[in-house]
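Student: Below is one structure. I have some questions about it.
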Amino acid sequence: MTDLELLNKEQKEAVLHTEGPLLILAGAGSGKTRVLTYRMAYLIDECGVNPWNILAITFTNKAAGEMRERVDRIIGYGSESIWVSTFHSACVRILRRYIDRLGFDQKFTIYDTEDQKTVMKDVCRRLQIDTKMYRERMLLNVVSHAKDEYISPEEFRLKAQGDFRQEKIAQIYLEYQKELKKNNALDFDDLIVKTVELFQNCPEVLEYYQERFRYIMVDEYQDTNTVQFKLVSILAGKYQNLCVVGDDDQSIYKFRGANIDNILNFEKVFPETKVIKLEQNYRSTQNILNAANVVIRNNQSRKEKALWTQNEQGEPIQFHYFQNAYEEADYVAGEIQKKVKSTEAEYRDFAILYRTNAQSRMFEEKFLLANVPYKIVGGVNFYSRKEIKDVLAYLKTIDNGKDDLAVHRIINVPKRGIGAVTINKVQTYADSVGISFFEALECAGGVPGLGKAVLKIQPFVHLIHEFRLKLADLTLEQLIEELLDKSGYTESLKEEGTDEAEARLENIGELISKAVTYEEGAEHAELSGFLEEVALVADIDSLEEQDNRVLLMTLHSVKGLEFPYVCMSGMEDGIFPGYMSIAAENPTEEIEEERRLCYVGITRAMKELMITAARVRMIRGENQYNQVSRFVREIPQELFGKKSVLPPVQKVQQPAKDSAHAKAKEIFRTKTFDPKQFKVVKAERLDYEVGDRVSHIKFGEGTVLNITEGGRDFEVKVDFDRAGEKKMFASFAKLKKVQSL
DNA sequence: TTTCCTGAATTTTTT
DNA sequence: ATTCAGGAAA
C-alpha cells in the first residue's frame, strides 16, 4: 500500500495523474525524486501496472543508482524489473540487441572523447585538413551538436550549401561517421542517434519497445537535447504516458546541447499535457530562497514560478569582499574552522563553489595550511586518466583484438622501441589486406619492410596470447595484476619515482578494486562485461558519505546536491558571469544561462549562504580587476547582514598597490629592458569596460573582451568586427567608447 | 626512436 | 600560470 499522506497537495496530484503526458515543474528542493519514486510505487501497487512496463530515465549513473535504491526501498516485489537507467545505457541495451538492422555488428565498441579525437585527427590527416583552420576540438563540437539536433551528415551538407567552411565540415562529418562505421564503433552521441534511427527504420522494433515501456519517466528533463526528446517522444508515441520532471530555471547545460525548448514547448508537442508546479521548498531558509527568487526573476525566458517555504527566516546572507583571492580563501578556511570548533557543524556540511575548476587551487592551498580536510570534486574523470585508459586498452586487446585504437594505444606503452614508422607500416599492411591491426601484428613477419622491428613486436604479441590462454583461469583481479607485472607497466611507473607516478599506481589500485566489486556483483563475471560497464561509467560517482570533508566543486557539478553551509566564491563580473558570456553575440541569452547557474548555487544552501568576491584575481597569469558580480547586486541589501557591504560600482578599478617586492621587480624589469616606457602615461582609469563597443582609428569598431592591468598600462583585448581579436595597450590604442553594454 | 622545447590554448560536463 | 600537443634535435 502506497502511503500518500507524506506528500503535499501538488506532489500527490502528480502521483495520481498516471495516464497521459505530464509535465512536472519542480523547483529546487521541492521533492521531485520523491514524487517520481512514489509515482512508480503507485502505478504498481494501485494501478496494477506491471513493473516491467516502466522506464525511468536519468542523466547520470549516480542519479540512476540513487533512484534505483529509493525505488527498491518503497516497492517490494518486482522493483528490479523496472528499467531505471541513463539515456545512454538504455540505448546500449537496445542497440546490443537490434543494431544489426542498421548494418553494425552487435559487438560494437563505444568510443569515448579521447577515441573520438584520435579518429578525428585521422580523418583530418586523410582529407588533408589544416587543423590550424579547423581545430579537431571545434570539429568534434560541431559534429556532436549536429547529432544532438539529429542532423545527419547528408542533411548537414544540404544546409551547408553555399558556405565553403560549412561544406568542408560536412565532408569531415561524413568521413568521421564512415570511419566509426568501419571500426564498428559508436561515439556517445551515436548511442542515442542510432537508437532513434533504429526506431524510425524498424517499426517492429519500435512497436516492441512501445508496448514494453508503457510508462516513461524522465528526470532532469531540462537537460535533454533534441535527439533525446525525439527518442522519448517516439517511445511514448503509442500510449502517451510520458512524465517529465524538470526545472527550466536549473537548465545549465546549453553548451552541451540541452534544449530548453523541450520544457518550454512540451505542452505544444503534447497538447493533452497536465502541468503541475511544485513550488514548496523543503530545503532552504526563507532568506536563501528569497535571494534565489529575486535573482532568477531577472530572467526573461522562463516559466513563472516562485519557491516558498515553511522553514524559518534563517541567518542573513553573508557577503565578504577581499583584496585578492588569497585573502578570500584564507577567510573561508578560517570561518570553516571556527564553525567546526564551536561544534556547530562538521566539515562535510560545507561546500565551496566556484565557476571554473582553476579557482580550486587557492582553496586547496589555504585549506592545506589551515588543516581543513577537503575533497575536490570533478576535474579529470577517473576513467579518462592515462593509466586507467592504458590498463583498459590492454584488457580490450586481450578481450578481442578488434579494437585498433586500443592496440595502438598500448603497443609502445611501456616503451618497447616500436615507433611511429613501424606502426604505420603495420597499419598500411593491415589496411591493404583487410585485417585488424592486431592481426597484422600477429603475422608481423609477413609485413614488408619491417626488418628488426619484428623482433620487438613479437614479445608483445606473445604477451597478449599468453593472457588470452590464461583468461579462463584467472580472476579479473589476478589478470590485471599479472598483466601489470608481465607487461612491465608497473615497473616503468616505479622507475619514474615521481609523486605523479605514485598517484597513477594508486589509481590503478582503485581500478582493481572496481574490478573486484564487479566480480562480486555480477553473476557471470567476464572481462567483456566489465569493459562494457566501465565504458558507460563516467566517474567514481560515489561521494562517500562517511567522508567528513569540505567539498570543493564547480557550480555545475553541485547540481542535485545540498549542504547546510554553502560558500559561492569568486563572485565577480568576468568570472561569474564569465567574460565569455558577457562578450558573446547574444549576451542576454548567455547571461541568463549564467544566472540560472547562480540560482542553482544559491538553492544548494540549507542554512547559511556566504558570497565572496575579490578585488584582484590572478587569471591565466594576469591580474584582473573585476567588479562585484551583477548577480550579487541583484540581491537586495535587506537580505544581507549588516556587516555585508558591497563595494561601490566603479568603471575600471584602480590597480592594487602591489607589494614592495613586486614594485621593485617591476622597476628592475622596466629599467633594464625598456627605459622609454616612462614616457607612457598610464591612464588613471578607462572610460570603457568589458562588453562595451569601442572604435579604433585603424581597426574600426569592436567589442571589449577583456581589460588587464599590465603593470605600465592597461592591456585591452578587443574583438574587432573587421580585424578580429587584437590585444593592445590602452594608452596607444586611444579607443573611443561607442556604446555601453 | 625518444627527448626536449616552443607555441598555443585555456568556462562549464555526462555519457 | 600551466598544461598540452606537435615539431625539431639528440
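Residue names in the C-alpha cells use chain letters A, B, ... in the order shown, residue numbers from 1 in each chain, and ligand numbers from 1 in the order shown.
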Considering only C-alpha atoms (C1' of nucleotides), extract the chain B residues located within 10 Å of chain A and return them as a list in words.
Tutor: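 The answer, sorted by residue number, is DT1, DT2, DT10, DT11, DT12, DT13, DT14 and DT15 of chain B.
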Student: Taking the chain letters and numbering used in this document, name the residues of segment 135-341 of chain A that DSSP puts in alpha helix (DSSP H), as an NGL selection string.
Tutor: :A and (136-148 or 153-160 or 164-182 or 188-201 or 203-212 or 226-235 or 261-264 or 266-269 or 286-296 or 325-341)
Student: Any chance you could tabulate, as JSON lines, the residues of chain A at most 12 Å from chain C with each one's nearest atom pair and distance in Å to one decimal, using only C-alpha atoms (C1' of nucleotides), in chain and rising number order?
Tutor:
```
{"residue": "A:Thr131", "atom": "CA", "partner": "C:DG6", "partner_atom": "C1'", "distance": 11.5}
{"residue": "A:Lys132", "atom": "CA", "partner": "C:DG6", "partner_atom": "C1'", "distance": 11.8}
{"residue": "A:Ala358", "atom": "CA", "partner": "C:DT2", "partner_atom": "C1'", "distance": 10.2}
{"residue": "A:Arg361", "atom": "CA", "partner": "C:DA1", "partner_atom": "C1'", "distance": 11.4}
{"residue": "A:Met618", "atom": "CA", "partner": "C:DA1", "partner_atom": "C1'", "distance": 8.8}
{"residue": "A:Ile619", "atom": "CA", "partner": "C:DA1", "partner_atom": "C1'", "distance": 8.1}
{"residue": "A:Arg620", "atom": "CA", "partner": "C:DA1", "partner_atom": "C1'", "distance": 5.5}
{"residue": "A:Gly621", "atom": "CA", "partner": "C:DA1", "partner_atom": "C1'", "distance": 4.6}
{"residue": "A:Glu622", "atom": "CA", "partner": "C:DA1", "partner_atom": "C1'", "distance": 8.4}
{"residue": "A:Asn623", "atom": "CA", "partner": "C:DA1", "partner_atom": "C1'", "distance": 11.2}
```
Student: Enter the distance from atom CA of Gly401 of chain A to atom CA of Lys425 of chain A, in Å, rounded to one decimal.
Tutor: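 Between atom CA of Gly401 of chain A and atom CA of Lys425 of chain A the gap works out to 18.1 Å.
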Student: What are the DSSP strand (DSSP E) residues of segment 313-476 of chain A, as a ChimeraX atom specification?
Tutor: /A:318-324,350-354,374-376
Student: In Å to one decimal, how far is atom CA of Glu590 of chain A from atom CA of Phe156 of chain A?
Tutor: 25.2 Å
Student: For a test of reading the model, state the distance in Å between atom CA of Ile234 of chain A and atom CA of Glu149 of chain A, rounded to one decimal.
Tutor: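 Value for the atom CA of Ile234 of chain A-atom CA of Glu149 of chain A distance: 15.2 Å.
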Student: I'd like the contact shell of segment 483-496 of chain A - 9 Å cut-off, only C-alpha atoms (C1' of nucleotides), skipping same-chain residues fewer than 2 positions apart - returned as a list in words.
Tutor: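 Result of the neighbour search: Val391, Tyr394, Leu395, Val413, Pro414, Lys415, Phe460, Leu463, Phe467, Gln478, Leu479, Ile480, Glu481, Thr498, Asp499, Glu500, Ala501, Glu502, Arg504 and Leu505 of chain A.
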Student: Could you check the closest approach to DA9 of chain B for each of A:Arg137, A:Lys178, A:Arg630, A:Lys643 and tell me which residue wins, using only C-alpha atoms (C1' of nucleotides)?
Tutor: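 Using only C-alpha atoms (C1' of nucleotides), DA9 of chain B sits closest to A:Arg137.
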